[in-house]
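Chemist: This structure is in structure tokens; I'll ask about it shortly.
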Amino acid sequence: MKKALETWKKEKYDRALKEHACGVQAFTTVSGRKIKELYTPQDISNLDHDRDLGFPGEYPYTRGVHPTMYRGRLWTMRQFSGFGAAEDTNNRYKYLLAQGQTGLSVAFHLPTLMGMDSDHPMARGEVGKCGVAIDSLADMEVLFNGIPLDKITTSMTINPPAAVLWAMYIAVAEKQGVSPKVISGTIQNDMLKEFIAQKTFIFPPRPSMKLIVDTFEFGAKEVPRWNTISISGYHIREAGATAIQELAFTLRDGIEYVAWALERGLDVDEFAPRLSFFFNAHNDFFEEVAKFRAARKIWAEVMRKRFKAKNPRSWWLRFHTQTSGVSLMSQQPYNNVVRVALQGLAAVLGGTQSLHTNSLDETYALPSEAAVTIALRTQQIIAHESGVVNAIDPLGGSYFVERLTEDMEREALAMIKKIDEMGGMVKAIELGFPQKEIGDSAYWYQKAVEQKEKIIVGVNAFAMEHEPISTLEIDESVARHQLARLRTIKKTRNAGSVRNGLRDLKRAAADEENLMPHLIRCVKAYATLGEIIDSLKEVYGEYQEPIWF
Amino acid sequence: MPVKKIRVLIAKPGLDGHDRGAKVICRALRDAGMEVIYSGLRRTPEEIVQAAIQEDVDVIGLSILSGAHTVLFPKIIRLLKDHEAGDIVVLAGGIIPERDIPKMKKIGIAEIFLPGSSTQDIIRWIEDRIGRDKSRRKK
């Protein structure tokens with residue numbers, strides 16, 4: 001085999017390539033990984049079927065966490081959505097559910113993401129712009145009005161104030177007569193990737209980690225069907241990371257959370273089954289599929305061997321995927337539909353549990369209803385027309401994909417080891433390590449595009465003028481509406497309950513108690529998000545990022 | 001007489017923390033020989049204008065992806081004029097809907113670079129606009 005391959009390469013391939021050199025010379029992935037001309041059984045000579053792949057639903061889960069995968073149940077089609085006031089977003093949710101979407105995913109506006117009320121001076125110009133404005137439980141009640149929380153699962157992209165928004169969700173469910181034991185969904189609640197990549201932070205890393213472990217502890221006992229974290233590579237990739245950096249940093253973040261929870265004295269099998277993940281589906285099709293497969297295998301081994309988890313559910317890496325926002329182009333925006341379809345297909349072939357497909361207009365604004373409908377239809381076409389759901393892990397066994405999976409696993413493990421040696425991810429972040437690695441990759445990629453080593457259709461090749469597209473506009477009337485509701489709440493609530501709630505919250509934070517019961521009490525008294533976060537800032541302080549580039 | 005370098009402040013107004021674009025621009029301008037100051041995240045219009053004046057920059061590059069440009073850009077331009085610093089050239093980049101571009105240019109944003117822009121185009125634009133004046137300037 002080896003000899004025959006060498007002969008083929010020399011006498012057939014190299015000779016033919018000289019005659020047909022087509023201009024694409026590098027043959028690298030979007031992450032700069034070199035790809036060979038041909039993969040053969042030789043490339044997977046180390047692969048042991050039972051040890052490295054196993055059957056779907058069996059350790060190490062390389063081929064999928066469920067034995068039936070999409071034959072049993074399709075992935076959840078979950079479009080990330082939120083804009084304007086709670087009423088606007090509530091209408092969009094009802095529209096999406098009517099169109100066949102199967103779960104909700106809340107996008108909050110930036111003041112909420114930063115733990116500020118809509119009347120904060122820094123909120124000027126931001127209210128309702130890149131998500132829905134939520135200041136208090138009153139807004140949250142409107143957001144989920146008429147949506148049965150015992151039937152619909154909800155994912156909330158919220159990080160520094162995740163515990164507060166979760167408390168609001170629990171309170172809304174209770175008002176609908178739905179017990180916390182029944183509700184299901186996810187809070188993103190992943191602060192490590194915020195310090196690394198997305199930069200939405202309030203408190204310093206250590207108290208941030210404390211709050212997250214509070215949610216693990218509370219969730220395991222009181223909200224058992226809730227995913228208390230979505231350990232996210234998405235934003236790491238968007239910030240410029242390569243596929244390997246996304247994979248390694250995300251899994252090392254996961255290890256850090258588990259380590260901190262064990263430090264608190266939690267039992268690994270109590271909280272680990274509720275850890276979930278969130279990855280990016282970028283342009284390079286096979287590299288992405290391999291990344292998802294490698295992620296499942298590494299996590300299963302980490303949980304079983306490193307952390308001695310015994311419950312197989314603790315070994316599962318369940319993940320949500322979003323197609324890559326940075327890969328969308330403002331030039332010839334309809335081309336984005338095609339990019340999204342390919343990326344969504346990679347996520348499905350990688351075995352994702354839920355999927356958000358981006359809308360074609362997102363380089364300009366939040367998606368219009370027409371654009372988000374095409375994005376959802378793209379998922380439905382993959383699910384119902386393409387046939388890719390019929391067989392489980394259909395790319396398994398491909399010489400190329402198996403070899404890529406193995407290479408990515410090895411490289412990610414080396415990076416994980418490097419961060420272990422630095423003393424863990426919190427330490428690495430304090431040293432600026434992942435931030436600098438990502439910054440370097442982002443700059444490398446930009447230069448590769450400008451030197452046309454990487455071709456982007458419609459940008460550095462095949463460029464042409466395009467007609468402007470119509471996009472969603474959110475004007476300042478949303479802010480007026482929101483500020484009016486905030487004023488009403490502050491006037492009509494029981495000021496004494498708010499004061500006492502916040503006082504006890506601060507004391508509990510100082511005493512290092514689990515804050516979840518206090519947060520639920522505060523939100524039920526209609527204390528605002530800003531009031532709650534300001535109280536906690538008094539105890540925890542605020543994070544200042546070192547300025548560098 | 002040595003040529004004075006073009007000085008640029010890259011600033012992040014608004015609440016979003018997306019700094020990939022801003023940092024790539026910082027590095028590209030620095031590699032092109034400019035003096036680059038980066039503001040860090042979530043700066044108010046007042047902080048940005050003050051930094052620009054204190055650092056005596058020729059250009060401010062505003063990077064924003066939150067949608068708050070409609071409120072924050074006019075405020076930054078107004079504050080610059082109030083501080084008699086209206087000669088500083090202000091550029092912007094990020095997520096800016098096409099319909100907002102004429103409005104932003106009308107209030108005094110000199111140019112807007114959308115996603116997909118080349119750093120080389122931005123460098124050339126700045127050099128064309130500032131370079132020639134710069135060699136004639138004081139010191």
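As shown in the structure tokens, the chain order sets the letters A, B, ...; within each chain, residues go from 1, and ligands are also counted from 1 in the order they appear.
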Run DSSP on the backbone and grab whatever in stretch 13-129 of chain B lands in strand (DSSP E or B); send it over as JSON, numbers by chain.

Modeler: {"B": [13, 35, 36, 37, 38, 43, 59, 60, 61, 62, 63, 64, 89, 90, 91, 92, 93, 94, 111, 112, 113]}

Chemist: Check every residue of chain A for an atom within 8 Å of chain B, counting only C-alpha atoms, and provide those that qualify as a VMD selection string.

Modeler: chain A and resid 110 to 111 114 122 to 126 129 to 130 198 to 200 239 to 240 329 to 331 363 to 365 439 442 to 443 446 450 459 468 471 545 547 to 549

Chemist: Please report, as JSON, numbers by chain, each residue of stretch 82-227 of chain A to which DSSP assigns alpha helix (DSSP H) when run on this structure's backbone.

Modeler: {"A": [86, 87, 88, 89, 90, 91, 92, 93, 94, 95, 96, 97, 98, 110, 111, 112, 113, 137, 138, 139, 140, 141, 142, 143, 162, 163, 164, 165, 166, 167, 168, 169, 170, 171, 172, 173, 174, 175, 191, 192, 193, 205, 206, 207, 208, 209, 210, 211, 212, 213, 214, 215, 216, 217, 218, 219, 220, 221, 222]}

Chemist: For atom CA of B:Glu55 and atom CA of A:Lys436, quote the distance in Å rounded to one decimal.

Modeler: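 Calculated distance between atom CA of B:Glu55 and atom CA of A:Lys436 is 25.4 Å.
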
Chemist: Let me make sure I understand: among A:Ala527, A:Val289, A:Ala261, A:Ile255, which one has the smallest atom-to-atom distance to A:Thr215 if we use only C-alpha atoms?

Modeler: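 Using only C-alpha atoms, A:Thr215 sits closest to A:Ala261.
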
Chemist: Can you pull out every residue within 6 Å of stretch 68-76 of chain A, counting only C-alpha atoms, but drop anything in the same chain fewer than 4 positions away, and send it as a list of chain:residue names?

Modeler: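 Neighbouring residues, sequence-local ones excluded: A:Thr102, A:Gln353, A:Ser354, A:Val389.
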
Chemist: Would you work out the distance separating atom CA of B:Leu80 from atom CA of A:Ser118, expressed in Å to one decimal?

Modeler: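 So the two atoms, atom CA of B:Leu80 and atom CA of A:Ser118, lie 26.4 Å apart.
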
Chemist: Identify, on the basis of only C-alpha atoms, every residue whose closest approach to A:Phe286 does not exceed 10 Å; exclude the query and any residue fewer than 6 positions from it along the same chain; express the result as a list in words.

Modeler: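 In the requested form, the answer reads Thr29, Ala346, Leu349, Gly350, Leu395, Phe400, Val401, Leu404 and Thr405 of chain A.
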
Chemist: Could you write out that same residue set with C-alpha atoms as a short mmCIF file (atom, residue, chain, number, x, y, z; two decimals), in the first residue's frame?

Modeler:
data_model
loop_
_atom_site.label_atom_id
_atom_site.label_comp_id
_atom_site.auth_asym_id
_atom_site.auth_seq_id
_atom_site.Cartn_x
_atom_site.Cartn_y
_atom_site.Cartn_z
CA THR A 29 -8.09 25.11 5.88
CA ALA A 346 -21.29 20.73 8.88
CA LEU A 349 -22.84 16.05 10.15
CA GLY A 350 -20.92 16.80 13.36
CA LEU A 395 -18.76 10.72 7.57
CA PHE A 400 -9.87 12.05 5.73
CA VAL A 401 -12.36 12.86 8.47
CA LEU A 404 -8.52 15.06 10.90
CA THR A 405 -10.44 14.07 14.03
#

Chemist: Distance atom CA of A:Phe195-atom CA of A:Gly115, one decimal place?

Modeler: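 Result for atom CA of A:Phe195 versus atom CA of A:Gly115: 15.9 Å, one decimal.
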
Chemist: Could you pull the residues within 8 Å of A:Arg63, counting only C-alpha atoms, minus those fewer than 4 positions along the same chain, as a list in words?

Modeler: Leu53, Gly54, Phe55, Pro56, Gly57, Arg293, Gly351, Ile392, Asp393 and Gly396 of chain A

Chemist: Could you tell me which of B:Ile88, B:Val3, B:Ile77, B:Ile122 comes closest to B:Met104 if we count only C-alpha atoms?

Modeler: B:Ile77
